[in-house]
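Source file: protein-v1.cif (mmCIF, C-alpha atoms and all ligand atoms)
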```cif
data_entry
loop_
_atom_site.group_PDB
_atom_site.id
_atom_site.type_symbol
_atom_site.label_atom_id
_atom_site.label_comp_id
_atom_site.auth_asym_id
_atom_site.auth_seq_id
_atom_site.Cartn_x
_atom_site.Cartn_y
_atom_site.Cartn_z
ATOM 1 C CA MET A 7 366.841 248.743 191.241
ATOM 2 C CA ASP A 8 364.092 251.351 191.385
ATOM 3 C CA LYS A 9 363.934 254.076 194.020
ATOM 4 C CA LYS A 10 360.929 252.640 195.839
ATOM 5 C CA THR A 11 362.556 249.226 196.258
ATOM 6 C CA LEU A 12 365.680 250.835 197.711
ATOM 7 C CA ALA A 13 363.598 253.085 199.965
ATOM 8 C CA LEU A 14 361.657 250.102 201.330
ATOM 9 C CA LYS A 15 364.981 248.483 202.232
ATOM 10 C CA ALA A 16 365.721 251.589 204.306
ATOM 11 C CA VAL A 17 362.346 251.198 206.024
ATOM 12 C CA GLU A 18 363.213 247.553 206.740
ATOM 13 C CA ALA A 19 366.611 248.571 208.139
ATOM 14 C CA LYS A 20 364.931 250.630 210.875
ATOM 15 C CA LYS A 21 364.300 247.265 212.564
ATOM 16 C CA VAL A 22 368.028 246.761 213.211
ATOM 17 C CA SER A 23 368.624 250.288 214.485
ATOM 18 C CA LEU A 24 369.580 250.723 218.133
ATOM 19 C CA PRO A 25 368.399 254.169 219.252
ATOM 20 C CA ALA A 26 368.739 253.271 222.930
ATOM 21 C CA TYR A 27 368.432 256.880 224.161
ATOM 22 C CA SER A 28 366.483 258.898 221.598
ATOM 23 C CA SER A 29 364.130 256.056 220.583
ATOM 24 C CA PHE A 30 364.230 257.640 217.112
ATOM 25 C CA HIS A 31 364.662 254.810 214.613
ATOM 26 C CA VAL A 32 366.411 255.558 211.330
ATOM 27 C CA GLY A 33 367.224 253.111 208.524
ATOM 28 C CA ALA A 34 369.367 253.589 205.447
ATOM 29 C CA ALA A 35 370.114 251.517 202.358
ATOM 30 C CA ILE A 36 372.913 252.372 199.948
ATOM 31 C CA LEU A 37 373.029 251.149 196.355
ATOM 32 C CA THR A 38 376.387 250.406 194.704
ATOM 33 C CA GLU A 39 377.055 251.067 191.047
ATOM 34 C CA ASP A 40 376.841 247.343 190.315
ATOM 35 C CA GLY A 41 373.483 246.925 192.045
ATOM 36 C CA LYS A 42 374.356 245.674 195.525
ATOM 37 C CA VAL A 43 372.601 247.076 198.582
ATOM 38 C CA TYR A 44 374.038 247.560 202.073
ATOM 39 C CA SER A 45 371.732 248.675 204.828
ATOM 40 C CA GLY A 46 371.958 249.731 208.451
ATOM 41 C CA GLY A 47 370.365 251.620 211.287
ATOM 42 C CA ASN A 48 371.432 254.309 213.731
ATOM 43 C CA ILE A 49 373.340 253.071 216.780
ATOM 44 C CA GLU A 50 373.498 255.005 220.055
ATOM 45 C CA THR A 51 375.675 254.519 223.126
ATOM 46 C CA SER A 52 375.628 255.962 226.655
ATOM 47 C CA SER A 53 378.238 258.481 225.554
ATOM 48 C CA TYR A 54 375.718 260.211 223.291
ATOM 49 C CA SER A 55 378.158 261.916 220.951
ATOM 50 C CA LEU A 56 379.468 258.522 219.840
ATOM 51 C CA THR A 57 376.195 257.840 218.067
ATOM 52 C CA ILE A 58 376.440 256.767 214.454
ATOM 53 C CA CYS A 59 373.681 257.638 212.025
ATOM 54 C CA ALA A 60 372.004 255.036 209.851
ATOM 55 C CA GLU A 61 373.538 256.534 206.700
ATOM 56 C CA ARG A 62 377.088 256.122 207.967
ATOM 57 C CA THR A 63 376.378 252.615 209.273
ATOM 58 C CA ALA A 64 375.204 251.538 205.811
ATOM 59 C CA LEU A 65 377.999 253.362 203.984
ATOM 60 C CA PHE A 66 380.797 252.106 206.252
ATOM 61 C CA LYS A 67 379.498 248.546 205.948
ATOM 62 C CA ALA A 68 379.756 248.893 202.169
ATOM 63 C CA ILE A 69 383.187 250.528 202.252
ATOM 64 C CA SER A 70 384.514 247.842 204.578
ATOM 65 C CA GLU A 71 383.340 245.189 202.119
ATOM 66 C CA GLY A 72 385.433 246.817 199.415
ATOM 67 C CA GLU A 73 382.742 248.872 197.681
ATOM 68 C CA ARG A 74 383.862 252.215 196.266
ATOM 69 C CA LYS A 75 381.231 253.346 193.751
ATOM 70 C CA PHE A 76 377.708 254.309 194.728
ATOM 71 C CA LYS A 77 374.543 255.482 192.996
ATOM 72 C CA ALA A 78 372.044 256.329 195.692
ATOM 73 C CA ILE A 79 371.180 256.124 199.363
ATOM 74 C CA ALA A 80 367.690 255.849 200.812
ATOM 75 C CA ILE A 81 366.714 257.068 204.280
ATOM 76 C CA ALA A 82 363.668 256.249 206.404
ATOM 77 C CA SER A 83 362.849 257.349 209.945
ATOM 78 C CA ASP A 84 360.176 257.417 212.621
ATOM 79 C CA ALA A 85 359.296 260.998 211.745
ATOM 80 C CA PRO A 86 356.148 261.375 209.637
ATOM 81 C CA GLU A 87 357.982 263.664 207.226
ATOM 82 C CA PHE A 88 361.078 263.073 205.093
ATOM 83 C CA CYS A 89 364.263 262.617 207.133
ATOM 84 C CA PRO A 90 367.171 264.501 205.560
ATOM 85 C CA PRO A 91 370.722 263.369 206.365
ATOM 86 C CA CYS A 92 372.539 265.349 209.068
ATOM 87 C CA GLY A 93 375.440 267.630 208.205
ATOM 88 C CA ALA A 94 378.079 265.132 209.303
ATOM 89 C CA CYS A 95 376.641 262.429 207.052
ATOM 90 C CA ARG A 96 376.464 264.853 204.112
ATOM 91 C CA GLN A 97 380.187 265.519 204.484
ATOM 92 C CA VAL A 98 381.025 261.803 204.748
ATOM 93 C CA MET A 99 378.903 261.011 201.697
ATOM 94 C CA TYR A 100 380.514 263.861 199.772
ATOM 95 C CA ASP A 101 383.959 262.416 200.508
ATOM 96 C CA LEU A 102 383.124 258.755 199.924
ATOM 97 C CA CYS A 103 380.246 258.671 197.443
ATOM 98 C CA GLY A 104 380.384 261.679 195.154
ATOM 99 C CA ASP A 105 377.181 263.297 193.929
ATOM 100 C CA ILE A 106 374.723 260.489 194.610
ATOM 101 C CA ASP A 107 370.931 260.604 194.826
ATOM 102 C CA ILE A 108 369.532 261.030 198.329
ATOM 103 C CA ILE A 109 366.152 259.328 198.443
ATOM 104 C CA MET A 110 363.926 260.044 201.431
ATOM 105 C CA ILE A 111 360.735 258.145 202.212
ATOM 106 C CA ASN A 112 357.976 259.415 204.532
ATOM 107 C CA HIS A 113 355.287 257.541 206.435
ATOM 108 C CA LYS A 114 352.936 257.571 203.461
ATOM 109 C CA GLU A 115 355.682 255.879 201.419
ATOM 110 C CA GLU A 116 356.059 258.970 199.247
ATOM 111 C CA LEU A 117 359.577 259.655 197.965
ATOM 112 C CA LYS A 118 361.630 262.822 197.704
ATOM 113 C CA THR A 119 364.953 262.710 195.869
ATOM 114 C CA LEU A 120 367.690 265.318 195.895
ATOM 115 C CA LYS A 121 371.263 265.227 194.655
ATOM 116 C CA LEU A 122 373.862 265.400 197.414
ATOM 117 C CA SER A 123 375.205 268.567 195.739
ATOM 118 C CA GLU A 124 371.823 270.224 196.360
ATOM 119 C CA MET A 125 372.056 269.348 200.047
ATOM 120 C CA LEU A 126 375.710 270.278 200.496
ATOM 121 C CA PRO A 127 376.589 273.232 198.279
ATOM 122 C CA PHE A 128 380.138 274.643 198.311
ATOM 123 C CA PRO A 129 381.622 271.657 200.161
ATOM 124 C CA PHE A 130 385.033 271.204 201.721
ATOM 125 C CA GLY A 131 386.876 268.200 200.317
ATOM 126 C CA ASP A 132 389.978 266.652 198.783
ATOM 127 C CA ASN A 133 390.644 269.639 196.531
ATOM 128 C CA GLU A 134 391.183 271.954 199.484
ATOM 129 C CA LEU A 135 393.883 269.657 200.875
ATOM 130 C CA LYS A 136 396.055 269.920 197.744
HETATM 131 N N1 LIG A 201 369.914 260.114 212.789
HETATM 132 C C1 LIG A 201 370.226 259.303 211.748
HETATM 133 O O1 LIG A 201 370.556 258.119 211.930
HETATM 134 N N2 LIG A 201 370.182 259.830 210.499
HETATM 135 C C2 LIG A 201 369.750 261.078 210.194
HETATM 136 O O2 LIG A 201 369.691 261.431 209.028
HETATM 137 C C3 LIG A 201 369.347 261.999 211.268
HETATM 138 C C4 LIG A 201 369.587 261.517 212.653
HETATM 139 C C5 LIG A 201 369.912 259.535 214.131
HETATM 140 C C6 LIG A 201 371.010 259.993 215.045
HETATM 141 C C7 LIG A 201 370.400 259.711 216.402
HETATM 142 O O3 LIG A 201 370.613 258.341 216.724
HETATM 143 C C8 LIG A 201 368.914 259.905 216.188
HETATM 144 O O4 LIG A 201 368.714 259.859 214.792
HETATM 145 C C9 LIG A 201 368.388 261.217 216.729
HETATM 146 O O5 LIG A 201 369.137 262.297 216.290
#
```

Show the structure stored in the file as structure tokens.
Amino acid sequence: MDKKTLALKAVEAKKVSLPAYSSFHVGAAILTEDGKVYSGGNIETSSYSLTICAERTALFKAISEGERKFKAIAIASDAPEFCPPCGACRQVMYDLCGDIDIIMINHKEELKTLKLSEMLPFPFGDNELK
């Protein structure tokens, strides 16, 4: 699957987001190594800190369906510019996905792709627990 197709699935996933308090819609679509896509949106609750970002919604859906190997994740938001994943999501992706491509799409449908390792240098992970 090409990057644009995956990114447009992230745009589509904004429709199922539930940003009840911020009204900031985010969608994400994650691509598995064997070509499947899982998507999701951000979900907010009245206890604000229990919010889950779109990236983790999509990733946890995939993990809970048994997926373990990923290639890329695409992210779309209501902001005109590219929406980079938050720090918490970077850590979760580092632990569960490895060094995948992070594909961001802006309102003009332009793409920007970075490796997770470029976004989260010198990470904490499994190795530190040994
Ligand atoms: N959000 C995401 O879903 N992904 C990001 O990459 C950045 C932020 C959500 C969390 C919250 O629901 C809203 O955007 C505003 O921070």

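A distance search around ligand LIG 201 (chain A) (7 Å at most, all atoms listed in the file) returns the following protein and nucleic acid residues: Pro25, Ser28, Phe30, His31, Val32, Gly33, Gly47, Asn48, Ile49, Glu50, Thr57, Ile58, Cys59, Ala60, Glu61, Cys89, Pro90, Pro91 and Cys92 of chain A.
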
Quiz prompt | Spatial neighbours of Met110 of chain A, max dist 7 Å, all atoms listed in the file, sep filter under 3 positions, as a count of residues only | solution = 9

Practice problem: Tell me, as a ChimeraX atom specification, which residues lie within 7 Å of segment 95-105 of chain A, counting all atoms listed in the file; anything in the same chain fewer than 6 positions away does not count. | Solution: /A:61-62,75-76,121-123,126,131

Quiz item: What is the atom CA of Ser29 of chain A to atom CA of Ser83 of chain A distance in Å?
Solution: 10.8 Å

Residues selected by the PyMOL selection byres (((chain A and resi 9) around 9) and not hetatm), written as an mmCIF file with C-alpha atoms, keeping the file's coordinate frame:
```
data_model
loop_
_atom_site.group_PDB
_atom_site.id
_atom_site.type_symbol
_atom_site.label_atom_id
_atom_site.label_comp_id
_atom_site.auth_asym_id
_atom_site.auth_seq_id
_atom_site.Cartn_x
_atom_site.Cartn_y
_atom_site.Cartn_z
ATOM 1 C CA MET A 7 366.841 248.743 191.241
ATOM 2 C CA ASP A 8 364.092 251.351 191.385
ATOM 3 C CA LYS A 10 360.929 252.640 195.839
ATOM 4 C CA THR A 11 362.556 249.226 196.258
ATOM 5 C CA LEU A 12 365.680 250.835 197.711
ATOM 6 C CA ALA A 13 363.598 253.085 199.965
ATOM 7 C CA LEU A 14 361.657 250.102 201.330
ATOM 8 C CA ALA A 78 372.044 256.329 195.692
ATOM 9 C CA ALA A 80 367.690 255.849 200.812
ATOM 10 C CA ILE A 109 366.152 259.328 198.443
ATOM 11 C CA LEU A 117 359.577 259.655 197.965
ATOM 12 C CA THR A 119 364.953 262.710 195.869
#
```

Quiz item: With all atoms listed in the file as the atoms that count, which of A:Ser52, A:Asn112, A:Ala94, A:Leu65 lies nearest to Met125 of chain A?
Solution: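 Selected residue with least distance to Met125 of chain A: A:Ala94.
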
Quiz prompt | Å distance separating atom CA of Ile106 of chain A from atom CA of Val22 of chain A, one decimal place | solution =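 Between atom CA of Ile106 of chain A and atom CA of Val22 of chain A the gap works out to 24.1 Å.
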
What does the PyMOL selection byres (((chain A and resi 113) around 7) and not hetatm) select in this file, as a compact mmCIF listing (two decimals) with C-alpha atoms, keeping the file's coordinate frame?
```txt
# COMPACT_ATOMS: atom_id res chain seq x y z
CA PRO A 86 356.15 261.38 209.64
CA GLU A 87 357.98 263.66 207.23
CA ILE A 111 360.74 258.14 202.21
CA ASN A 112 357.98 259.42 204.53
CA LYS A 114 352.94 257.57 203.46
CA GLU A 115 355.68 255.88 201.42
```

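Here atom CA of Gly72 of chain A stands at a distance of 13.5 Å from atom CA of Leu37 of chain A.
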
Edge lengths and centre in Å, axis-aligned, segment 112-122 of chain A plus 6 Å each side, as AutoDock Vina command-line options:
```
--center_x 363.4 --center_y 260.6 --center_z 200.5 --size_x 32.9 --size_y 21.5 --size_z 23.8
```
